[in-house]
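Visitor: If you scroll down you'll find the structure; I have some questions about it.
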Amino acid sequence: MRKITIAILALIVIGMLIPVGFSADSNVVITYGETTYANSNYKSVVDSFFKSQSNLDLNNVGSKIITADQVNQISSSITGKSYDSSQILSSALVNLNDNEKLQVSVDKSKITTITGDMYISALKSAGITKGHVYVTSPVEATGESALAGIMNSYEEVTDVKIPEKVKEAANDEIYTQAKIVNNSDVNADDLSKLVSDVKDQVSRDNVTDHNRIVNVINNHVQNNNINITNSDIENLANSIEQVQNVQGDVNIYKEKVSGIFNETGNSGFSLDGILNWFKSFIGQI
């Protein structure tokens, strides 16, 4: 009788410790494109990819829906393109428990244009340097709209807003690279490396002048024998110049989330830990 009473008291203590709405994976968020979320078959395909790649129980993962309106708020000012509710397919899972470095796993069978390295480059432009991101779609999609969902996920997990100008610069980088891949005879991986190398040099030398950025791009294009048009070089220079111009806001954002990234996954409070303690406790009484 005494053992049963102690066990009941232990359960009550656990109930008091676990906050309302607590999730075992509170540092993980999925953002579904609204087209995907509205179609049960599409959602099942996306969830299967996330489960197989992340090994997570999605029942304990929060989710949000990215709408056409949200994507259009970004894309309209960058490309002039407008999407309807049947075109938002790309979906993303962000796991901040896995935060040693920034990783992006892309479903290459579905995401046709944007590569993992392109996402990494754009996210770093926004001041995001940690977490594991998974990107997929139920059917073939370019992947351009996924970045909006990814950044939305980071805001949800960290409870820190990414400045709008920073979001615009990061999305412009993604859209610009997608346009270049579609317009020019250039390999996506080669373009991604070019952009990364140029951004590193421009950042290191603190270059903000447009013509100097164009010169840096031209030097890397020639040195790496990359086939890219003058028009695309101009567009790329504009995009990188925009990234450079928001670095002040990026640094402020990075300061706000630096502690969160360092603490994520190491808080010591987890449902599994409490349950293991309870099992051990029961075994001793």
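Scheme for the structure tokens: letters A, B, ... for chains in order shown; per-chain residue numbers from 1; ligand numbers from 1 in order shown.
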Counting only C-alpha atoms, what is within 12 Å of A:Leu102, bar same-chain residues fewer than 5 positions away, as a ChimeraX atom specification?

Guide: /A:94-97,116-117,119-124,127-134,261

Visitor: Write the selection just made, keeping N, CA, C and O atoms, as a PDB file, in the first residue's frame?

Guide:
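Final output, saved to result-v6.pdb:
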```
ATOM      1  N   VAL A  94      12.468  22.078 -39.222  1.00  0.00           N
ATOM      2  CA  VAL A  94      13.647  22.660 -38.590  1.00  0.00           C
ATOM      3  C   VAL A  94      13.833  22.023 -37.222  1.00  0.00           C
ATOM      4  O   VAL A  94      12.912  22.021 -36.396  1.00  0.00           O
ATOM      5  N   ASN A  95      15.017  21.463 -36.986  1.00  0.00           N
ATOM      6  CA  ASN A  95      15.340  20.806 -35.717  1.00  0.00           C
ATOM      7  C   ASN A  95      16.510  21.536 -35.058  1.00  0.00           C
ATOM      8  O   ASN A  95      17.646  21.440 -35.497  1.00  0.00           O
ATOM      9  N   LEU A  96      16.209  22.271 -33.993  1.00  0.00           N
ATOM     10  CA  LEU A  96      17.259  22.997 -33.284  1.00  0.00           C
ATOM     11  C   LEU A  96      17.892  22.177 -32.173  1.00  0.00           C
ATOM     12  O   LEU A  96      18.817  22.644 -31.506  1.00  0.00           O
ATOM     13  N   ASN A  97      17.398  20.957 -31.948  1.00  0.00           N
ATOM     14  CA  ASN A  97      18.099  20.069 -31.021  1.00  0.00           C
ATOM     15  C   ASN A  97      19.435  19.631 -31.628  1.00  0.00           C
ATOM     16  O   ASN A  97      20.384  19.328 -30.913  1.00  0.00           O
ATOM     17  N   GLY A 116      20.814  22.361 -51.294  1.00  0.00           N
ATOM     18  CA  GLY A 116      21.070  22.532 -49.869  1.00  0.00           C
ATOM     19  C   GLY A 116      22.036  23.656 -49.596  1.00  0.00           C
ATOM     20  O   GLY A 116      21.853  24.447 -48.652  1.00  0.00           O
ATOM     21  N   ASP A 117      23.077  23.758 -50.407  1.00  0.00           N
ATOM     22  CA  ASP A 117      24.071  24.821 -50.214  1.00  0.00           C
ATOM     23  C   ASP A 117      23.478  26.202 -50.451  1.00  0.00           C
ATOM     24  O   ASP A 117      23.877  27.177 -49.825  1.00  0.00           O
ATOM     25  N   TYR A 119      20.333  27.049 -49.798  1.00  0.00           N
ATOM     26  CA  TYR A 119      19.593  27.363 -48.572  1.00  0.00           C
ATOM     27  C   TYR A 119      20.553  27.787 -47.458  1.00  0.00           C
ATOM     28  O   TYR A 119      20.292  28.750 -46.732  1.00  0.00           O
ATOM     29  N   ILE A 120      21.648  27.050 -47.308  1.00  0.00           N
ATOM     30  CA  ILE A 120      22.617  27.369 -46.260  1.00  0.00           C
ATOM     31  C   ILE A 120      23.151  28.778 -46.441  1.00  0.00           C
ATOM     32  O   ILE A 120      23.246  29.562 -45.487  1.00  0.00           O
ATOM     33  N   SER A 121      23.511  29.130 -47.677  1.00  0.00           N
ATOM     34  CA  SER A 121      24.049  30.452 -47.960  1.00  0.00           C
ATOM     35  C   SER A 121      23.041  31.541 -47.611  1.00  0.00           C
ATOM     36  O   SER A 121      23.375  32.542 -46.969  1.00  0.00           O
ATOM     37  N   ALA A 122      21.777  31.342 -48.011  1.00  0.00           N
ATOM     38  CA  ALA A 122      20.741  32.343 -47.746  1.00  0.00           C
ATOM     39  C   ALA A 122      20.444  32.446 -46.255  1.00  0.00           C
ATOM     40  O   ALA A 122      20.245  33.550 -45.722  1.00  0.00           O
ATOM     41  N   LEU A 123      20.427  31.315 -45.565  1.00  0.00           N
ATOM     42  CA  LEU A 123      20.166  31.339 -44.123  1.00  0.00           C
ATOM     43  C   LEU A 123      21.303  32.036 -43.374  1.00  0.00           C
ATOM     44  O   LEU A 123      21.064  32.787 -42.425  1.00  0.00           O
ATOM     45  N   LYS A 124      22.520  31.801 -43.799  1.00  0.00           N
ATOM     46  CA  LYS A 124      23.650  32.494 -43.173  1.00  0.00           C
ATOM     47  C   LYS A 124      23.572  33.992 -43.440  1.00  0.00           C
ATOM     48  O   LYS A 124      23.969  34.802 -42.593  1.00  0.00           O
ATOM     49  N   GLY A 127      21.691  35.440 -40.795  1.00  0.00           N
ATOM     50  CA  GLY A 127      22.238  35.317 -39.443  1.00  0.00           C
ATOM     51  C   GLY A 127      21.965  33.987 -38.781  1.00  0.00           C
ATOM     52  O   GLY A 127      22.192  33.813 -37.584  1.00  0.00           O
ATOM     53  N   ILE A 128      21.467  33.009 -39.541  1.00  0.00           N
ATOM     54  CA  ILE A 128      21.158  31.687 -38.999  1.00  0.00           C
ATOM     55  C   ILE A 128      22.328  30.755 -39.278  1.00  0.00           C
ATOM     56  O   ILE A 128      22.687  30.522 -40.435  1.00  0.00           O
ATOM     57  N   THR A 129      22.922  30.211 -38.223  1.00  0.00           N
ATOM     58  CA  THR A 129      24.142  29.417 -38.383  1.00  0.00           C
ATOM     59  C   THR A 129      24.059  28.032 -37.749  1.00  0.00           C
ATOM     60  O   THR A 129      25.020  27.269 -37.829  1.00  0.00           O
ATOM     61  N   LYS A 130      22.921  27.702 -37.122  1.00  0.00           N
ATOM     62  CA  LYS A 130      22.803  26.395 -36.466  1.00  0.00           C
ATOM     63  C   LYS A 130      21.426  25.798 -36.719  1.00  0.00           C
ATOM     64  O   LYS A 130      20.470  26.484 -37.031  1.00  0.00           O
ATOM     65  N   GLY A 131      21.348  24.474 -36.537  1.00  0.00           N
ATOM     66  CA  GLY A 131      20.105  23.747 -36.739  1.00  0.00           C
ATOM     67  C   GLY A 131      20.175  22.838 -37.947  1.00  0.00           C
ATOM     68  O   GLY A 131      21.027  23.007 -38.825  1.00  0.00           O
ATOM     69  N   HIS A 132      19.308  21.849 -37.976  1.00  0.00           N
ATOM     70  CA  HIS A 132      19.225  20.940 -39.123  1.00  0.00           C
ATOM     71  C   HIS A 132      17.882  21.166 -39.802  1.00  0.00           C
ATOM     72  O   HIS A 132      16.826  21.049 -39.170  1.00  0.00           O
ATOM     73  N   VAL A 133      17.926  21.479 -41.073  1.00  0.00           N
ATOM     74  CA  VAL A 133      16.729  21.789 -41.859  1.00  0.00           C
ATOM     75  C   VAL A 133      16.520  20.690 -42.900  1.00  0.00           C
ATOM     76  O   VAL A 133      17.472  20.258 -43.553  1.00  0.00           O
ATOM     77  N   TYR A 134      15.267  20.257 -43.029  1.00  0.00           N
ATOM     78  CA  TYR A 134      14.900  19.262 -44.034  1.00  0.00           C
ATOM     79  C   TYR A 134      13.858  19.904 -44.957  1.00  0.00           C
ATOM     80  O   TYR A 134      12.895  20.504 -44.484  1.00  0.00           O
ATOM     81  N   PHE A 261      20.667  29.421 -29.319  1.00  0.00           N
ATOM     82  CA  PHE A 261      21.298  28.344 -30.070  1.00  0.00           C
ATOM     83  C   PHE A 261      22.233  27.529 -29.180  1.00  0.00           C
ATOM     84  O   PHE A 261      22.317  26.320 -29.281  1.00  0.00           O
TER      85      PHE A 261
END
```

Visitor: If you run DSSP on the backbone, which residues of stretch 102-258 of chain A are strand (DSSP E or B), as a PyMOL selection string?

Guide: chain A and resi 102-106+111+131-136+141

Visitor: If you count only C-alpha atoms, which residues fall within 9 Å of A:Ala237, apart from same-chain ones fewer than 3 positions away, as a list in words?

Guide: His210, Asn211, Ile213, Val214, Ile217, Asp232, Ile233, Glu234, Ile240, Glu241 and Gln242 of chain A

Visitor: Please write the residues from the selection above to a file, keeping all heavy atoms, as a PDB file, in the first residue's frame.

Guide:
```pdb
ATOM      1  N   HIS A 210      28.599  48.824 -55.487  1.00  0.00           N
ATOM      2  CA  HIS A 210      28.060  47.901 -56.478  1.00  0.00           C
ATOM      3  C   HIS A 210      29.106  47.505 -57.529  1.00  0.00           C
ATOM      4  O   HIS A 210      29.253  46.311 -57.848  1.00  0.00           O
ATOM      5  CB  HIS A 210      26.852  48.538 -57.175  1.00  0.00           C
ATOM      6  CG  HIS A 210      26.263  47.681 -58.251  1.00  0.00           C
ATOM      7  ND1 HIS A 210      25.393  46.642 -57.995  1.00  0.00           N
ATOM      8  CD2 HIS A 210      26.434  47.714 -59.611  1.00  0.00           C
ATOM      9  CE1 HIS A 210      25.059  46.063 -59.132  1.00  0.00           C
ATOM     10  NE2 HIS A 210      25.663  46.688 -60.132  1.00  0.00           N
ATOM     11  N   ASN A 211      29.815  48.480 -58.072  1.00  0.00           N
ATOM     12  CA  ASN A 211      30.788  48.185 -59.126  1.00  0.00           C
ATOM     13  C   ASN A 211      31.916  47.288 -58.629  1.00  0.00           C
ATOM     14  O   ASN A 211      32.395  46.410 -59.365  1.00  0.00           O
ATOM     15  CB  ASN A 211      31.365  49.484 -59.700  1.00  0.00           C
ATOM     16  CG  ASN A 211      30.340  50.257 -60.507  1.00  0.00           C
ATOM     17  OD1 ASN A 211      29.423  49.686 -61.095  1.00  0.00           O
ATOM     18  ND2 ASN A 211      30.471  51.583 -60.525  1.00  0.00           N
ATOM     19  N   ILE A 213      31.591  45.062 -56.265  1.00  0.00           N
ATOM     20  CA  ILE A 213      31.012  43.725 -56.128  1.00  0.00           C
ATOM     21  C   ILE A 213      30.951  43.034 -57.482  1.00  0.00           C
ATOM     22  O   ILE A 213      31.258  41.844 -57.607  1.00  0.00           O
ATOM     23  CB  ILE A 213      29.605  43.807 -55.488  1.00  0.00           C
ATOM     24  CG1 ILE A 213      29.704  44.311 -54.047  1.00  0.00           C
ATOM     25  CG2 ILE A 213      28.920  42.433 -55.515  1.00  0.00           C
ATOM     26  CD1 ILE A 213      28.363  44.554 -53.379  1.00  0.00           C
ATOM     27  N   VAL A 214      30.595  43.803 -58.527  1.00  0.00           N
ATOM     28  CA  VAL A 214      30.578  43.252 -59.887  1.00  0.00           C
ATOM     29  C   VAL A 214      31.972  42.762 -60.266  1.00  0.00           C
ATOM     30  O   VAL A 214      32.122  41.674 -60.858  1.00  0.00           O
ATOM     31  CB  VAL A 214      30.089  44.313 -60.901  1.00  0.00           C
ATOM     32  CG1 VAL A 214      30.328  43.837 -62.335  1.00  0.00           C
ATOM     33  CG2 VAL A 214      28.608  44.612 -60.691  1.00  0.00           C
ATOM     34  N   ILE A 217      32.724  39.477 -58.552  1.00  0.00           N
ATOM     35  CA  ILE A 217      32.004  38.380 -59.212  1.00  0.00           C
ATOM     36  C   ILE A 217      32.691  38.002 -60.521  1.00  0.00           C
ATOM     37  O   ILE A 217      32.920  36.810 -60.794  1.00  0.00           O
ATOM     38  CB  ILE A 217      30.536  38.771 -59.485  1.00  0.00           C
ATOM     39  CG1 ILE A 217      29.785  38.980 -58.173  1.00  0.00           C
ATOM     40  CG2 ILE A 217      29.842  37.688 -60.318  1.00  0.00           C
ATOM     41  CD1 ILE A 217      28.385  39.551 -58.357  1.00  0.00           C
ATOM     42  N   ASP A 232      22.959  38.452 -65.587  1.00  0.00           N
ATOM     43  CA  ASP A 232      22.880  37.678 -64.351  1.00  0.00           C
ATOM     44  C   ASP A 232      23.933  38.124 -63.345  1.00  0.00           C
ATOM     45  O   ASP A 232      23.697  38.087 -62.129  1.00  0.00           O
ATOM     46  CB  ASP A 232      23.050  36.185 -64.655  1.00  0.00           C
ATOM     47  CG  ASP A 232      21.794  35.587 -65.277  1.00  0.00           C
ATOM     48  OD1 ASP A 232      20.711  36.147 -65.053  1.00  0.00           O
ATOM     49  OD2 ASP A 232      21.900  34.562 -65.972  1.00  0.00           O
ATOM     50  N   ILE A 233      25.076  38.552 -63.836  1.00  0.00           N
ATOM     51  CA  ILE A 233      26.109  39.089 -62.940  1.00  0.00           C
ATOM     52  C   ILE A 233      25.594  40.346 -62.252  1.00  0.00           C
ATOM     53  O   ILE A 233      25.788  40.548 -61.045  1.00  0.00           O
ATOM     54  CB  ILE A 233      27.406  39.377 -63.717  1.00  0.00           C
ATOM     55  CG1 ILE A 233      28.092  38.060 -64.114  1.00  0.00           C
ATOM     56  CG2 ILE A 233      28.359  40.245 -62.885  1.00  0.00           C
ATOM     57  CD1 ILE A 233      29.306  38.237 -64.992  1.00  0.00           C
ATOM     58  N   GLU A 234      24.908  41.197 -63.000  1.00  0.00           N
ATOM     59  CA  GLU A 234      24.319  42.409 -62.418  1.00  0.00           C
ATOM     60  C   GLU A 234      23.274  42.060 -61.356  1.00  0.00           C
ATOM     61  O   GLU A 234      23.254  42.648 -60.268  1.00  0.00           O
ATOM     62  CB  GLU A 234      23.675  43.257 -63.521  1.00  0.00           C
ATOM     63  CG  GLU A 234      24.651  44.122 -64.299  1.00  0.00           C
ATOM     64  CD  GLU A 234      25.247  45.232 -63.444  1.00  0.00           C
ATOM     65  OE1 GLU A 234      24.553  45.754 -62.559  1.00  0.00           O
ATOM     66  OE2 GLU A 234      26.420  45.560 -63.664  1.00  0.00           O
ATOM     67  N   ILE A 240      23.769  40.490 -53.665  1.00  0.00           N
ATOM     68  CA  ILE A 240      24.831  40.466 -52.658  1.00  0.00           C
ATOM     69  C   ILE A 240      24.994  41.843 -52.013  1.00  0.00           C
ATOM     70  O   ILE A 240      25.254  41.960 -50.809  1.00  0.00           O
ATOM     71  CB  ILE A 240      26.152  39.986 -53.296  1.00  0.00           C
ATOM     72  CG1 ILE A 240      26.014  38.512 -53.711  1.00  0.00           C
ATOM     73  CG2 ILE A 240      27.328  40.168 -52.337  1.00  0.00           C
ATOM     74  CD1 ILE A 240      27.197  37.955 -54.466  1.00  0.00           C
ATOM     75  N   GLU A 241      24.805  42.896 -52.797  1.00  0.00           N
ATOM     76  CA  GLU A 241      24.839  44.247 -52.241  1.00  0.00           C
ATOM     77  C   GLU A 241      23.735  44.426 -51.194  1.00  0.00           C
ATOM     78  O   GLU A 241      23.958  45.031 -50.134  1.00  0.00           O
ATOM     79  CB  GLU A 241      24.664  45.271 -53.366  1.00  0.00           C
ATOM     80  CG  GLU A 241      24.746  46.723 -52.903  1.00  0.00           C
ATOM     81  CD  GLU A 241      24.554  47.702 -54.050  1.00  0.00           C
ATOM     82  OE1 GLU A 241      24.377  47.247 -55.212  1.00  0.00           O
ATOM     83  OE2 GLU A 241      24.571  48.923 -53.794  1.00  0.00           O
ATOM     84  N   GLN A 242      22.561  43.880 -51.466  1.00  0.00           N
ATOM     85  CA  GLN A 242      21.451  43.960 -50.520  1.00  0.00           C
ATOM     86  C   GLN A 242      21.786  43.223 -49.225  1.00  0.00           C
ATOM     87  O   GLN A 242      21.494  43.696 -48.126  1.00  0.00           O
ATOM     88  CB  GLN A 242      20.184  43.378 -51.142  1.00  0.00           C
ATOM     89  CG  GLN A 242      18.934  43.554 -50.285  1.00  0.00           C
ATOM     90  CD  GLN A 242      17.684  43.029 -50.968  1.00  0.00           C
ATOM     91  OE1 GLN A 242      17.738  42.497 -52.074  1.00  0.00           O
ATOM     92  NE2 GLN A 242      16.550  43.173 -50.319  1.00  0.00           N
TER      93      GLN A 242
END
```

Visitor: Do you know which residues are at most 12 Å from A:Asn245 counting only C-alpha atoms, after dropping those on the same chain fewer than 2 positions away, and could you put them as number ranges by chain?

Guide: A: 125-126, 165-166, 168-170, 202-203, 206-210, 238-243, 247-251

Visitor: Let's have the selection written as a PDB file, in the first residue's frame, with C-alpha atoms.

Guide:
```pdb
ATOM      1  CA  SER A 125      22.860  35.788 -44.903  1.00  0.00           C
ATOM      2  CA  ALA A 126      19.983  36.051 -42.419  1.00  0.00           C
ATOM      3  CA  LYS A 165      14.806  43.653 -44.476  1.00  0.00           C
ATOM      4  CA  VAL A 166      16.960  40.644 -43.599  1.00  0.00           C
ATOM      5  CA  GLU A 168      13.911  40.136 -48.017  1.00  0.00           C
ATOM      6  CA  ALA A 169      17.666  40.001 -48.640  1.00  0.00           C
ATOM      7  CA  ALA A 170      17.871  36.259 -47.936  1.00  0.00           C
ATOM      8  CA  VAL A 202      32.858  40.883 -50.023  1.00  0.00           C
ATOM      9  CA  SER A 203      32.189  40.403 -46.308  1.00  0.00           C
ATOM     10  CA  ASN A 206      33.652  45.019 -46.306  1.00  0.00           C
ATOM     11  CA  VAL A 207      32.759  45.828 -49.914  1.00  0.00           C
ATOM     12  CA  THR A 208      29.463  47.702 -50.330  1.00  0.00           C
ATOM     13  CA  ASP A 209      30.031  49.499 -53.654  1.00  0.00           C
ATOM     14  CA  HIS A 210      28.060  47.901 -56.478  1.00  0.00           C
ATOM     15  CA  ASN A 238      22.396  43.582 -56.619  1.00  0.00           C
ATOM     16  CA  SER A 239      21.465  40.631 -54.423  1.00  0.00           C
ATOM     17  CA  ILE A 240      24.831  40.466 -52.658  1.00  0.00           C
ATOM     18  CA  GLU A 241      24.839  44.247 -52.241  1.00  0.00           C
ATOM     19  CA  GLN A 242      21.451  43.960 -50.520  1.00  0.00           C
ATOM     20  CA  VAL A 243      22.843  41.305 -48.178  1.00  0.00           C
ATOM     21  CA  GLN A 247      24.479  43.293 -41.982  1.00  0.00           C
ATOM     22  CA  GLY A 248      23.798  45.708 -39.126  1.00  0.00           C
ATOM     23  CA  ASP A 249      20.348  44.167 -38.637  1.00  0.00           C
ATOM     24  CA  VAL A 250      21.796  40.671 -39.099  1.00  0.00           C
ATOM     25  CA  ASN A 251      24.310  41.232 -36.297  1.00  0.00           C
TER      26      ASN A 251
END
```

Visitor: So that I can check the secondary structure, give me every residue of stretch 9-187 of chain A assigned alpha helix (DSSP H) by backbone DSSP, as number ranges by chain.

Guide: A: 9-17, 34-38, 40-54, 68-78, 116-125, 146-158, 164-183

Visitor: Which of these residues is nearest to A:Ala92, using only C-alpha atoms: A:Glu255, A:Val139, A:Ile150, A:Lys43?

Guide: A:Ile150
